[in-house]
>>> print(open('my_file-v1.cif').read())   # mmCIF, C-alpha atoms
data_model
#
loop_
_atom_site.label_atom_id
_atom_site.label_comp_id
_atom_site.auth_asym_id
_atom_site.auth_seq_id
_atom_site.Cartn_x
_atom_site.Cartn_y
_atom_site.Cartn_z
CA MET R 1 24.98 -22.72 28.35
CA GLN R 2 24.05 -22.57 24.70
CA VAL R 3 20.43 -23.40 24.14
CA ASP R 4 18.15 -24.12 21.26
CA PRO R 5 16.63 -20.72 20.42
CA SER R 6 13.16 -22.20 20.79
CA ARG R 7 13.88 -22.90 24.48
CA ILE R 8 14.00 -19.16 25.18
CA SER R 9 10.35 -18.48 24.49
CA ALA R 10 10.73 -14.71 23.99
CA LEU R 11 12.99 -15.17 20.94
CA ARG R 12 11.49 -15.49 17.50
CA ILE R 13 13.37 -16.79 14.48
CA LEU R 14 11.67 -16.27 11.16
CA THR R 15 12.64 -16.98 7.59
CA ALA R 16 11.70 -14.27 5.12
CA LYS R 17 9.73 -15.34 2.08
CA SER R 18 11.82 -15.38 -1.07
CA PHE R 19 10.76 -15.49 -4.69
CA PRO R 20 13.57 -16.45 -7.05
CA ASP R 21 13.18 -16.39 -10.81
CA GLU R 22 15.37 -16.08 -13.89
CA ARG R 23 15.94 -12.37 -13.15
CA GLY R 24 17.21 -12.90 -9.62
CA LEU R 25 15.49 -12.80 -6.27
CA LEU R 26 12.84 -10.84 -4.40
CA VAL R 27 12.91 -11.17 -0.59
CA GLN R 28 9.86 -10.09 1.40
CA ALA R 29 11.62 -9.20 4.65
CA TRP R 30 8.41 -8.90 6.67
CA VAL R 31 4.70 -8.21 6.58
CA LYS R 32 3.08 -6.41 9.51
CA GLN R 33 0.39 -9.06 9.94
CA ASP R 34 2.98 -11.88 10.05
CA LEU R 35 5.08 -10.04 12.65
CA GLU R 36 2.04 -9.40 14.79
CA ALA R 37 1.04 -13.08 14.56
CA ALA R 38 4.55 -14.01 15.79
CA GLY R 39 4.28 -11.57 18.72
CA ILE R 40 6.81 -9.10 17.27
CA PRO R 41 6.16 -5.35 17.52
CA THR R 42 5.66 -3.54 14.23
CA GLU R 43 6.38 0.00 15.39
CA PHE R 44 10.06 0.49 14.65
CA LYS R 45 11.64 3.83 15.60
CA GLN R 46 15.08 3.45 14.03
CA ALA R 47 16.99 1.35 11.52
CA ILE R 48 20.71 0.61 11.82
CA GLN R 49 23.04 -1.07 9.35
CA THR R 50 26.54 -2.37 10.04
CA SER R 51 29.22 -3.68 7.73
CA SER R 52 31.94 -5.87 9.21
CA ARG R 53 34.96 -7.74 8.00
CA ARG R 54 35.50 -11.41 8.86
CA GLY R 55 36.08 -11.94 12.59
CA VAL R 56 34.49 -8.71 13.81
CA VAL R 57 32.52 -9.14 17.04
CA ARG R 58 29.94 -6.45 17.76
CA GLY R 59 28.49 -6.74 21.24
CA ILE R 60 27.21 -8.03 23.52
CA HIS R 61 24.99 -4.89 23.68
CA PHE R 62 21.63 -3.75 25.03
CA GLN R 63 19.78 -0.53 25.80
CA TRP R 64 17.90 -0.11 29.08
CA ASP R 65 16.43 3.41 28.70
CA PRO R 66 14.19 3.02 26.91
CA PRO R 67 14.45 -0.76 26.61
CA MET R 68 15.09 -1.58 22.95
CA GLY R 69 14.04 -4.60 20.93
CA LYS R 70 15.71 -5.42 17.61
CA PHE R 71 14.57 -7.30 14.53
CA VAL R 72 17.82 -8.41 12.88
CA ARG R 73 18.75 -9.83 9.49
CA CYS R 74 21.95 -10.30 7.49
CA ILE R 75 21.59 -8.81 4.02
CA ARG R 76 25.10 -9.61 2.75
CA GLY R 77 27.58 -12.23 3.87
CA ALA R 78 27.11 -14.37 6.96
CA ILE R 79 27.10 -13.88 10.72
CA ILE R 80 26.57 -15.76 13.93
CA ASP R 81 23.92 -13.82 15.84
CA VAL R 82 24.05 -14.31 19.61
CA VAL R 83 21.33 -13.35 22.09
CA VAL R 84 21.76 -13.50 25.90
CA ASP R 85 18.88 -13.32 28.39
CA VAL R 86 19.68 -10.59 30.97
CA ARG R 87 16.20 -10.33 32.55
CA HIS R 88 16.06 -10.56 36.34
CA GLY R 89 13.82 -13.44 37.43
CA SER R 90 13.92 -15.19 34.06
CA PRO R 91 14.20 -18.99 34.10
CA THR R 92 16.70 -18.63 31.24
CA LEU R 93 18.74 -15.76 32.79
CA GLY R 94 22.30 -15.98 31.45
CA ASP R 95 21.41 -18.53 28.76
CA HIS R 96 22.19 -17.70 25.18
CA ALA R 97 21.17 -18.74 21.71
CA ALA R 98 23.34 -18.57 18.60
CA VAL R 99 21.81 -18.52 15.13
CA GLU R 100 23.52 -18.31 11.75
CA LEU R 101 22.02 -15.54 9.64
CA THR R 102 23.13 -15.26 6.02
CA SER R 103 22.14 -13.35 2.95
CA SER R 104 21.03 -16.63 1.40
CA ASN R 105 19.15 -18.35 4.24
CA HIS R 106 16.95 -15.24 4.86
CA ARG R 107 16.67 -16.04 8.57
CA GLN R 108 15.81 -13.18 10.90
CA ILE R 109 15.75 -12.98 14.67
CA TRP R 110 13.61 -10.95 17.06
CA VAL R 111 15.71 -9.79 20.03
CA PRO R 112 13.25 -8.51 22.66
CA PRO R 113 14.06 -5.85 25.26
CA GLY R 114 15.88 -7.51 28.14
CA PHE R 115 18.23 -9.45 25.91
CA ALA R 116 21.82 -8.58 25.07
CA HIS R 117 22.84 -8.99 21.44
CA ALA R 118 26.02 -9.65 19.48
CA THR R 119 27.11 -10.50 15.97
CA PHE R 120 30.22 -12.30 14.74
CA ALA R 121 31.04 -11.80 11.04
CA LEU R 122 31.88 -15.05 9.25
CA GLU R 123 32.72 -13.36 5.95
CA ASP R 124 34.27 -10.08 4.83
CA ASP R 125 31.78 -7.30 4.13
CA SER R 126 28.96 -8.91 6.10
CA VAL R 127 26.09 -6.43 6.33
CA VAL R 128 23.54 -6.61 9.14
CA PHE R 129 20.30 -4.62 9.20
CA TYR R 130 18.54 -3.87 12.50
CA GLU R 131 15.05 -2.44 12.94
CA CYS R 132 14.74 -1.10 16.48
CA THR R 133 11.73 -0.41 18.71
CA ALA R 134 13.41 2.60 20.37
CA GLU R 135 15.80 5.31 19.34
CA HIS R 136 19.41 4.95 20.46
CA GLY R 137 19.94 6.67 23.78
CA PRO R 138 23.60 7.61 24.26
CA GLY R 139 24.66 6.90 27.84
CA ARG R 140 21.63 4.66 28.33
CA GLU R 141 23.08 1.55 26.75
CA GLY R 142 25.58 -1.00 27.88
CA GLY R 143 26.91 -4.43 27.34
CA ILE R 144 28.42 -7.52 28.83
CA LEU R 145 31.84 -8.94 28.14
CA TRP R 146 31.82 -10.72 24.78
CA ASN R 147 33.83 -13.68 26.12
CA ASP R 148 32.45 -13.87 29.68
CA PRO R 149 33.27 -17.46 30.74
CA GLU R 150 30.09 -17.65 32.85
CA VAL R 151 27.97 -17.08 29.72
CA GLY R 152 30.08 -19.61 27.83
CA ILE R 153 29.51 -18.60 24.22
CA ARG R 154 31.43 -20.81 21.78
CA TRP R 155 32.55 -18.33 19.16
CA PRO R 156 33.72 -19.51 15.72
CA ASP R 157 37.34 -20.57 15.37
CA ILE R 158 38.25 -17.32 13.62
CA PRO R 159 40.55 -14.74 15.25
CA PRO R 160 38.14 -12.21 16.83
CA ILE R 161 38.34 -8.46 16.21
CA VAL R 162 36.80 -6.74 19.24
CA SER R 163 36.51 -3.01 19.97
CA GLU R 164 38.24 -1.60 23.03
CA LYS R 165 34.84 -0.72 24.49
CA ASP R 166 33.59 -4.31 24.16
CA GLN R 167 36.83 -5.69 25.63
CA LYS R 168 36.21 -3.60 28.76
CA ALA R 169 32.51 -4.43 29.21
CA PRO R 170 31.44 -5.88 32.58
CA THR R 171 30.70 -9.56 33.06
CA LEU R 172 27.08 -10.63 33.27
CA ALA R 173 27.39 -10.96 37.05
CA GLN R 174 28.77 -7.40 37.29
CA TRP R 175 25.95 -6.05 35.12
CA LEU R 176 23.29 -7.85 37.16
CA ALA R 177 24.68 -6.23 40.33
CA ASP R 178 24.24 -2.77 38.74
CA PRO R 179 20.93 -1.10 39.78
CA ARG R 180 20.26 -0.14 36.12
CA SER R 181 19.96 -3.84 35.27
CA LYS R 182 16.63 -3.87 37.15
CA ASN R 183 15.10 -2.22 34.06
CA PHE R 184 15.04 -5.74 32.58
CA ARG R 185 12.64 -8.03 34.45
CA PHE R 186 11.00 -11.26 33.44
CA ALA R 187 7.26 -10.69 33.08
#
>>> encode(input="my_file-v1.cif", output="structure tokens")
Amino acid sequence: MQVDPSRISALRILTAKSFPDERGLLVQAWVKQDLEAAGIPTEFKQAIQTSSRRGVVRGIHFQWDPPMGKFVRCIRGAIIDVVVDVRHGSPTLGDHAAVELTSSNHRQIWVPPGFAHATFALEDDSVVFYECTAEHGPGREGGILWNDPEVGIRWPDIPPIVSEKDQKAPTLAQWLADPRSKNFRFA
């Protein structure tokens, strides 16, 4: 079921302040005080940047040890950003939200720990920038199948380009049956 992002209370969607003038544009991605007011952590441990051609699907990924939150923005091109609730006991378990992030709309999304995350590139050379609350832990991350029918994400009508790893990811039901999934609980 696709839901309005505001229905999943843990998600935060912000629009960065922008200041255009005759020279171009200045974008203030975030200010610590504003993030704190929105309930978003300000202690980031790692930054990641991806560049994808049109149709590339990255995800649906998460990290359980340590649980990782991500503050995500698209700095070139356009993407559909998808977030899936994988927290045991959550009233929105299995629900997802999809938000268009572009280099011109300056929207950003907070993906808390306990949520799986994916991007779908709508344009060639789409660049996504992630600020993460934990360092990547090889062997301590996972994902769910990008096209799991039980999750029911309606991807854009563009031929998808999906990695072999993401094509072999477990379904949400399979992940929830894995003891490691208990690291994500609704508080």
>>> resolve_selection(input="my_file-v1.cif", expression="the PyMOL selection byres ((chain R and resi 172) around 8)", output="NGL selection string")
:R and (86 or 94 or 144-145 or 148 or 150-151 or 170-171 or 173-176)
>>> resolve_selection(input="my_file-v1.cif", expression="the PyMOL selection byres ((chain R and resi 10) around 10)", output="PyMOL selection string")
chain R and resi 5-9+11-12+39-40+85+110-115
>>> residues_around(input="my_file-v1.cif", residues="Ile153 of chain R", least_positions_apart="6", cutoff="12 Å", atoms="all atoms listed in the file", output="list in words")
Met1, Gln2, Val3, Ile60, Ile80, Asp81, Val82, Val83, Val84, Gly94, Asp95, His96, Ala97, Ala98, Val99, Ala118, Thr119, Phe120, Leu145, Trp146 and Asn147 of chain R
>>> closest_residue(input="my_file-v1.cif", among="R:Pro91, R:Pro66, R:Gly77, R:Pro41", to="Leu122 of chain R", atoms="all atoms listed in the file")
R:Gly77
>>> residues_around(input="my_file-v1.cif", residues="Cys132 of chain R", least_positions_apart="4", cutoff="12 Å", atoms="only C-alpha atoms", output="MDAnalysis selection string")
chainID R and resid 40:49 62:63 66:73 110:113 136:137
>>> atom_distance(input="my_file-v1.cif", atom1="atom CA of Glu141 of chain R", atom2="atom CA of Trp64 of chain R")
5.9 Å
>>> residues_around(input="my_file-v1.cif", residues="Ser103 of chain R", least_positions_apart="3", cutoff="7 Å", atoms="all atoms listed in the file", output="PyMOL selection string")
chain R and resi 74-78+106
>>> resolve_selection(input="my_file-v1.cif", expression="the PyMOL selection byres ((chain R and resi 30) around 10)", output="number ranges by chain")
R: 14-17, 27-29, 31-35, 42, 108
>>> atom_distance(input="my_file-v1.cif", atom1="atom CA of Val57 of chain R", atom2="atom CA of Asn105 of chain R")
20.7 Å
>>> atom_distance(input="my_file-v1.cif", atom1="atom CA of Ser181 of chain R", atom2="atom CA of Arg154 of chain R")
24.5 Å
>>> closest_residue(input="my_file-v1.cif", among="R:Asp21, R:Asp166, R:Ile79, R:Leu101", to="Gly142 of chain R", atoms="only C-alpha atoms")
R:Asp166
>>> residues_around(input="my_file-v1.cif", residues="His61 of chain R", least_positions_apart="2", cutoff="6 Å", atoms="all atoms listed in the file", output="ChimeraX atom specification")
/R:59,116-117,142-143
>>> closest_residue(input="my_file-v1.cif", among="R:Leu25, R:Asp65, R:Ser51, R:Arg87", to="Glu135 of chain R", atoms="only C-alpha atoms")
R:Asp65
>>> axis_aligned_box(input="my_file-v1.cif", around="segment 78-97 of chain R", padding_each_side="8 Å", output="AutoDock Vina command-line options")
--center_x 20.5 --center_y -14.7 --center_z 22.2 --size_x 29.3 --size_y 24.7 --size_z 46.5
>>> decode(input="my_file-v1.cif", residues="segment 34-173 of chain R", atoms="C-alpha atoms", output="PDB file, in the first residue's frame")
ATOM      1  CA  ASP R  34      16.221  23.062  11.905  1.00  0.00           C
ATOM      2  CA  LEU R  35      17.036  19.339  11.793  1.00  0.00           C
ATOM      3  CA  GLU R  36      16.786  19.076  15.556  1.00  0.00           C
ATOM      4  CA  ALA R  37      13.419  20.874  15.502  1.00  0.00           C
ATOM      5  CA  ALA R  38      12.189  18.303  12.947  1.00  0.00           C
ATOM      6  CA  GLY R  39      13.398  15.400  15.126  1.00  0.00           C
ATOM      7  CA  ILE R  40      16.277  14.473  12.803  1.00  0.00           C
ATOM      8  CA  PRO R  41      19.670  13.514  14.266  1.00  0.00           C
ATOM      9  CA  THR R  42      22.539  15.855  13.457  1.00  0.00           C
ATOM     10  CA  GLU R  43      25.433  13.511  14.168  1.00  0.00           C
ATOM     11  CA  PHE R  44      26.248  11.992  10.798  1.00  0.00           C
ATOM     12  CA  LYS R  45      29.051   9.409  10.632  1.00  0.00           C
ATOM     13  CA  GLN R  46      29.338   8.931   6.881  1.00  0.00           C
ATOM     14  CA  ALA R  47      28.340  10.515   3.581  1.00  0.00           C
ATOM     15  CA  ILE R  48      27.625   8.510   0.430  1.00  0.00           C
ATOM     16  CA  GLN R  49      27.003   9.721  -3.103  1.00  0.00           C
ATOM     17  CA  THR R  50      25.628   7.679  -6.000  1.00  0.00           C
ATOM     18  CA  SER R  51      25.302   8.471  -9.681  1.00  0.00           C
ATOM     19  CA  SER R  52      22.789   6.488 -11.714  1.00  0.00           C
ATOM     20  CA  ARG R  53      21.551   6.388 -15.255  1.00  0.00           C
ATOM     21  CA  ARG R  54      17.838   6.496 -16.061  1.00  0.00           C
ATOM     22  CA  GLY R  55      16.002   3.393 -14.835  1.00  0.00           C
ATOM     23  CA  VAL R  56      18.537   2.321 -12.206  1.00  0.00           C
ATOM     24  CA  VAL R  57      16.925   0.933  -9.047  1.00  0.00           C
ATOM     25  CA  ARG R  58      19.110   0.952  -5.940  1.00  0.00           C
ATOM     26  CA  GLY R  59      17.548  -0.949  -3.072  1.00  0.00           C
ATOM     27  CA  ILE R  60      15.494  -1.683  -1.144  1.00  0.00           C
ATOM     28  CA  HIS R  61      18.303  -1.551   1.474  1.00  0.00           C
ATOM     29  CA  PHE R  62      18.807  -1.166   5.214  1.00  0.00           C
ATOM     30  CA  GLN R  63      21.486  -1.738   7.837  1.00  0.00           C
ATOM     31  CA  TRP R  64      20.646  -3.454  11.128  1.00  0.00           C
ATOM     32  CA  ASP R  65      24.026  -3.404  12.926  1.00  0.00           C
ATOM     33  CA  PRO R  66      24.259  -0.673  13.858  1.00  0.00           C
ATOM     34  CA  PRO R  67      20.855   0.537  12.698  1.00  0.00           C
ATOM     35  CA  MET R  68      21.428   3.334  10.181  1.00  0.00           C
ATOM     36  CA  GLY R  69      19.320   6.384   9.440  1.00  0.00           C
ATOM     37  CA  LYS R  70      19.800   8.367   6.223  1.00  0.00           C
ATOM     38  CA  PHE R  71      19.129  11.974   5.277  1.00  0.00           C
ATOM     39  CA  VAL R  72      18.768  11.870   1.483  1.00  0.00           C
ATOM     40  CA  ARG R  73      18.689  14.477  -1.269  1.00  0.00           C
ATOM     41  CA  CYS R  74      19.051  14.493  -5.048  1.00  0.00           C
ATOM     42  CA  ILE R  75      21.691  16.992  -6.133  1.00  0.00           C
ATOM     43  CA  ARG R  76      21.486  16.361  -9.893  1.00  0.00           C
ATOM     44  CA  GLY R  77      18.696  14.924 -11.996  1.00  0.00           C
ATOM     45  CA  ALA R  78      15.576  13.355 -10.535  1.00  0.00           C
ATOM     46  CA  ILE R  79      14.668  10.235  -8.577  1.00  0.00           C
ATOM     47  CA  ILE R  80      11.742   8.527  -6.949  1.00  0.00           C
ATOM     48  CA  ASP R  81      12.792   7.864  -3.357  1.00  0.00           C
ATOM     49  CA  VAL R  82      10.979   4.940  -1.724  1.00  0.00           C
ATOM     50  CA  VAL R  83      10.914   4.155   1.993  1.00  0.00           C
ATOM     51  CA  VAL R  84       9.403   0.950   3.472  1.00  0.00           C
ATOM     52  CA  ASP R  85       8.606   0.453   7.164  1.00  0.00           C
ATOM     53  CA  VAL R  86      10.231  -2.819   8.340  1.00  0.00           C
ATOM     54  CA  ARG R  87       9.824  -2.289  12.109  1.00  0.00           C
ATOM     55  CA  HIS R  88       8.238  -5.154  14.038  1.00  0.00           C
ATOM     56  CA  GLY R  89       5.111  -3.967  15.853  1.00  0.00           C
ATOM     57  CA  SER R  90       4.699  -0.839  13.746  1.00  0.00           C
ATOM     58  CA  PRO R  91       1.145   0.100  12.726  1.00  0.00           C
ATOM     59  CA  THR R  92       2.579   0.930   9.283  1.00  0.00           C
ATOM     60  CA  LEU R  93       4.736  -2.235   8.934  1.00  0.00           C
ATOM     61  CA  GLY R  94       5.094  -3.013   5.214  1.00  0.00           C
ATOM     62  CA  ASP R  95       3.672   0.343   4.106  1.00  0.00           C
ATOM     63  CA  HIS R  96       5.763   2.524   1.866  1.00  0.00           C
ATOM     64  CA  ALA R  97       6.024   6.121   0.804  1.00  0.00           C
ATOM     65  CA  ALA R  98       7.359   7.382  -2.514  1.00  0.00           C
ATOM     66  CA  VAL R  99       8.624  10.936  -2.923  1.00  0.00           C
ATOM     67  CA  GLU R 100      10.079  12.638  -5.985  1.00  0.00           C
ATOM     68  CA  LEU R 101      13.389  14.297  -5.160  1.00  0.00           C
ATOM     69  CA  THR R 102      14.986  16.489  -7.819  1.00  0.00           C
ATOM     70  CA  SER R 103      17.857  18.890  -8.080  1.00  0.00           C
ATOM     71  CA  SER R 104      15.333  21.679  -8.603  1.00  0.00           C
ATOM     72  CA  ASN R 105      12.658  20.934  -5.977  1.00  0.00           C
ATOM     73  CA  HIS R 106      15.283  20.706  -3.161  1.00  0.00           C
ATOM     74  CA  ARG R 107      13.193  18.147  -1.272  1.00  0.00           C
ATOM     75  CA  GLN R 108      14.996  15.917   1.206  1.00  0.00           C
ATOM     76  CA  ILE R 109      13.814  12.903   3.146  1.00  0.00           C
ATOM     77  CA  TRP R 110      14.796  11.552   6.555  1.00  0.00           C
ATOM     78  CA  VAL R 111      14.848   7.733   6.485  1.00  0.00           C
ATOM     79  CA  PRO R 112      15.034   6.591  10.134  1.00  0.00           C
ATOM     80  CA  PRO R 113      16.593   3.314  11.280  1.00  0.00           C
ATOM     81  CA  GLY R 114      14.038   0.552  10.803  1.00  0.00           C
ATOM     82  CA  PHE R 115      13.099   1.631   7.313  1.00  0.00           C
ATOM     83  CA  ALA R 116      14.295   0.124   4.059  1.00  0.00           C
ATOM     84  CA  HIS R 117      15.250   2.577   1.329  1.00  0.00           C
ATOM     85  CA  ALA R 118      15.418   2.624  -2.464  1.00  0.00           C
ATOM     86  CA  THR R 119      15.919   5.073  -5.289  1.00  0.00           C
ATOM     87  CA  PHE R 120      14.754   4.922  -8.908  1.00  0.00           C
ATOM     88  CA  ALA R 121      16.576   7.267 -11.313  1.00  0.00           C
ATOM     89  CA  LEU R 122      14.214   9.191 -13.581  1.00  0.00           C
ATOM     90  CA  GLU R 123      17.009  10.862 -15.556  1.00  0.00           C
ATOM     91  CA  ASP R 124      20.500   9.959 -16.718  1.00  0.00           C
ATOM     92  CA  ASP R 125      23.294  11.024 -14.377  1.00  0.00           C
ATOM     93  CA  SER R 126      21.013  11.438 -11.364  1.00  0.00           C
ATOM     94  CA  VAL R 127      23.174  12.061  -8.305  1.00  0.00           C
ATOM     95  CA  VAL R 128      21.934  11.253  -4.803  1.00  0.00           C
ATOM     96  CA  PHE R 129      23.694  12.350  -1.614  1.00  0.00           C
ATOM     97  CA  TYR R 130      23.148  10.451   1.657  1.00  0.00           C
ATOM     98  CA  GLU R 131      24.242  11.543   5.117  1.00  0.00           C
ATOM     99  CA  CYS R 132      24.203   8.512   7.406  1.00  0.00           C
ATOM    100  CA  THR R 133      23.973   8.145  11.186  1.00  0.00           C
ATOM    101  CA  ALA R 134      26.216   5.050  11.212  1.00  0.00           C
ATOM    102  CA  GLU R 135      29.174   3.787   9.265  1.00  0.00           C
ATOM    103  CA  HIS R 136      28.510   1.084   6.690  1.00  0.00           C
ATOM    104  CA  GLY R 137      28.931  -2.346   8.235  1.00  0.00           C
ATOM    105  CA  PRO R 138      29.717  -4.959   5.575  1.00  0.00           C
ATOM    106  CA  GLY R 139      27.785  -8.149   6.295  1.00  0.00           C
ATOM    107  CA  ARG R 140      25.452  -6.258   8.611  1.00  0.00           C
ATOM    108  CA  GLU R 141      23.157  -4.865   5.962  1.00  0.00           C
ATOM    109  CA  GLY R 142      20.425  -6.347   3.859  1.00  0.00           C
ATOM    110  CA  GLY R 143      17.451  -5.616   1.748  1.00  0.00           C
ATOM    111  CA  ILE R 144      14.074  -6.700   0.547  1.00  0.00           C
ATOM    112  CA  LEU R 145      13.073  -7.556  -2.985  1.00  0.00           C
ATOM    113  CA  TRP R 146      12.633  -4.358  -4.997  1.00  0.00           C
ATOM    114  CA  ASN R 147       9.431  -5.622  -6.655  1.00  0.00           C
ATOM    115  CA  ASP R 148       7.939  -7.645  -3.783  1.00  0.00           C
ATOM    116  CA  PRO R 149       4.231  -7.875  -4.715  1.00  0.00           C
ATOM    117  CA  GLU R 150       3.212  -7.781  -1.034  1.00  0.00           C
ATOM    118  CA  VAL R 151       4.833  -4.341  -0.655  1.00  0.00           C
ATOM    119  CA  GLY R 152       3.203  -3.227  -3.908  1.00  0.00           C
ATOM    120  CA  ILE R 153       5.437  -0.363  -4.984  1.00  0.00           C
ATOM    121  CA  ARG R 154       4.301   1.196  -8.270  1.00  0.00           C
ATOM    122  CA  TRP R 155       7.591   1.946  -9.972  1.00  0.00           C
ATOM    123  CA  PRO R 156       7.764   4.390 -12.905  1.00  0.00           C
ATOM    124  CA  ASP R 157       6.984   3.054 -16.362  1.00  0.00           C
ATOM    125  CA  ILE R 158      10.668   2.995 -17.297  1.00  0.00           C
ATOM    126  CA  PRO R 159      12.541  -0.281 -17.900  1.00  0.00           C
ATOM    127  CA  PRO R 160      14.271  -0.990 -14.548  1.00  0.00           C
ATOM    128  CA  ILE R 161      17.994  -1.715 -14.235  1.00  0.00           C
ATOM    129  CA  VAL R 162      18.460  -3.796 -11.082  1.00  0.00           C
ATOM    130  CA  SER R 163      21.665  -5.324  -9.687  1.00  0.00           C
ATOM    131  CA  GLU R 164      21.919  -9.085  -9.352  1.00  0.00           C
ATOM    132  CA  LYS R 165      22.128  -8.687  -5.568  1.00  0.00           C
ATOM    133  CA  ASP R 166      18.878  -6.698  -5.441  1.00  0.00           C
ATOM    134  CA  GLN R 167      17.128  -9.182  -7.747  1.00  0.00           C
ATOM    135  CA  LYS R 168      17.928 -11.953  -5.243  1.00  0.00           C
ATOM    136  CA  ALA R 169      16.909 -10.094  -2.069  1.00  0.00           C
ATOM    137  CA  PRO R 170      14.311 -11.761   0.180  1.00  0.00           C
ATOM    138  CA  THR R 171      10.697 -10.662   0.262  1.00  0.00           C
ATOM    139  CA  LEU R 172       9.539  -8.576   3.201  1.00  0.00           C
ATOM    140  CA  ALA R 173       7.870 -11.650   4.727  1.00  0.00           C
TER     141      ALA R 173
END
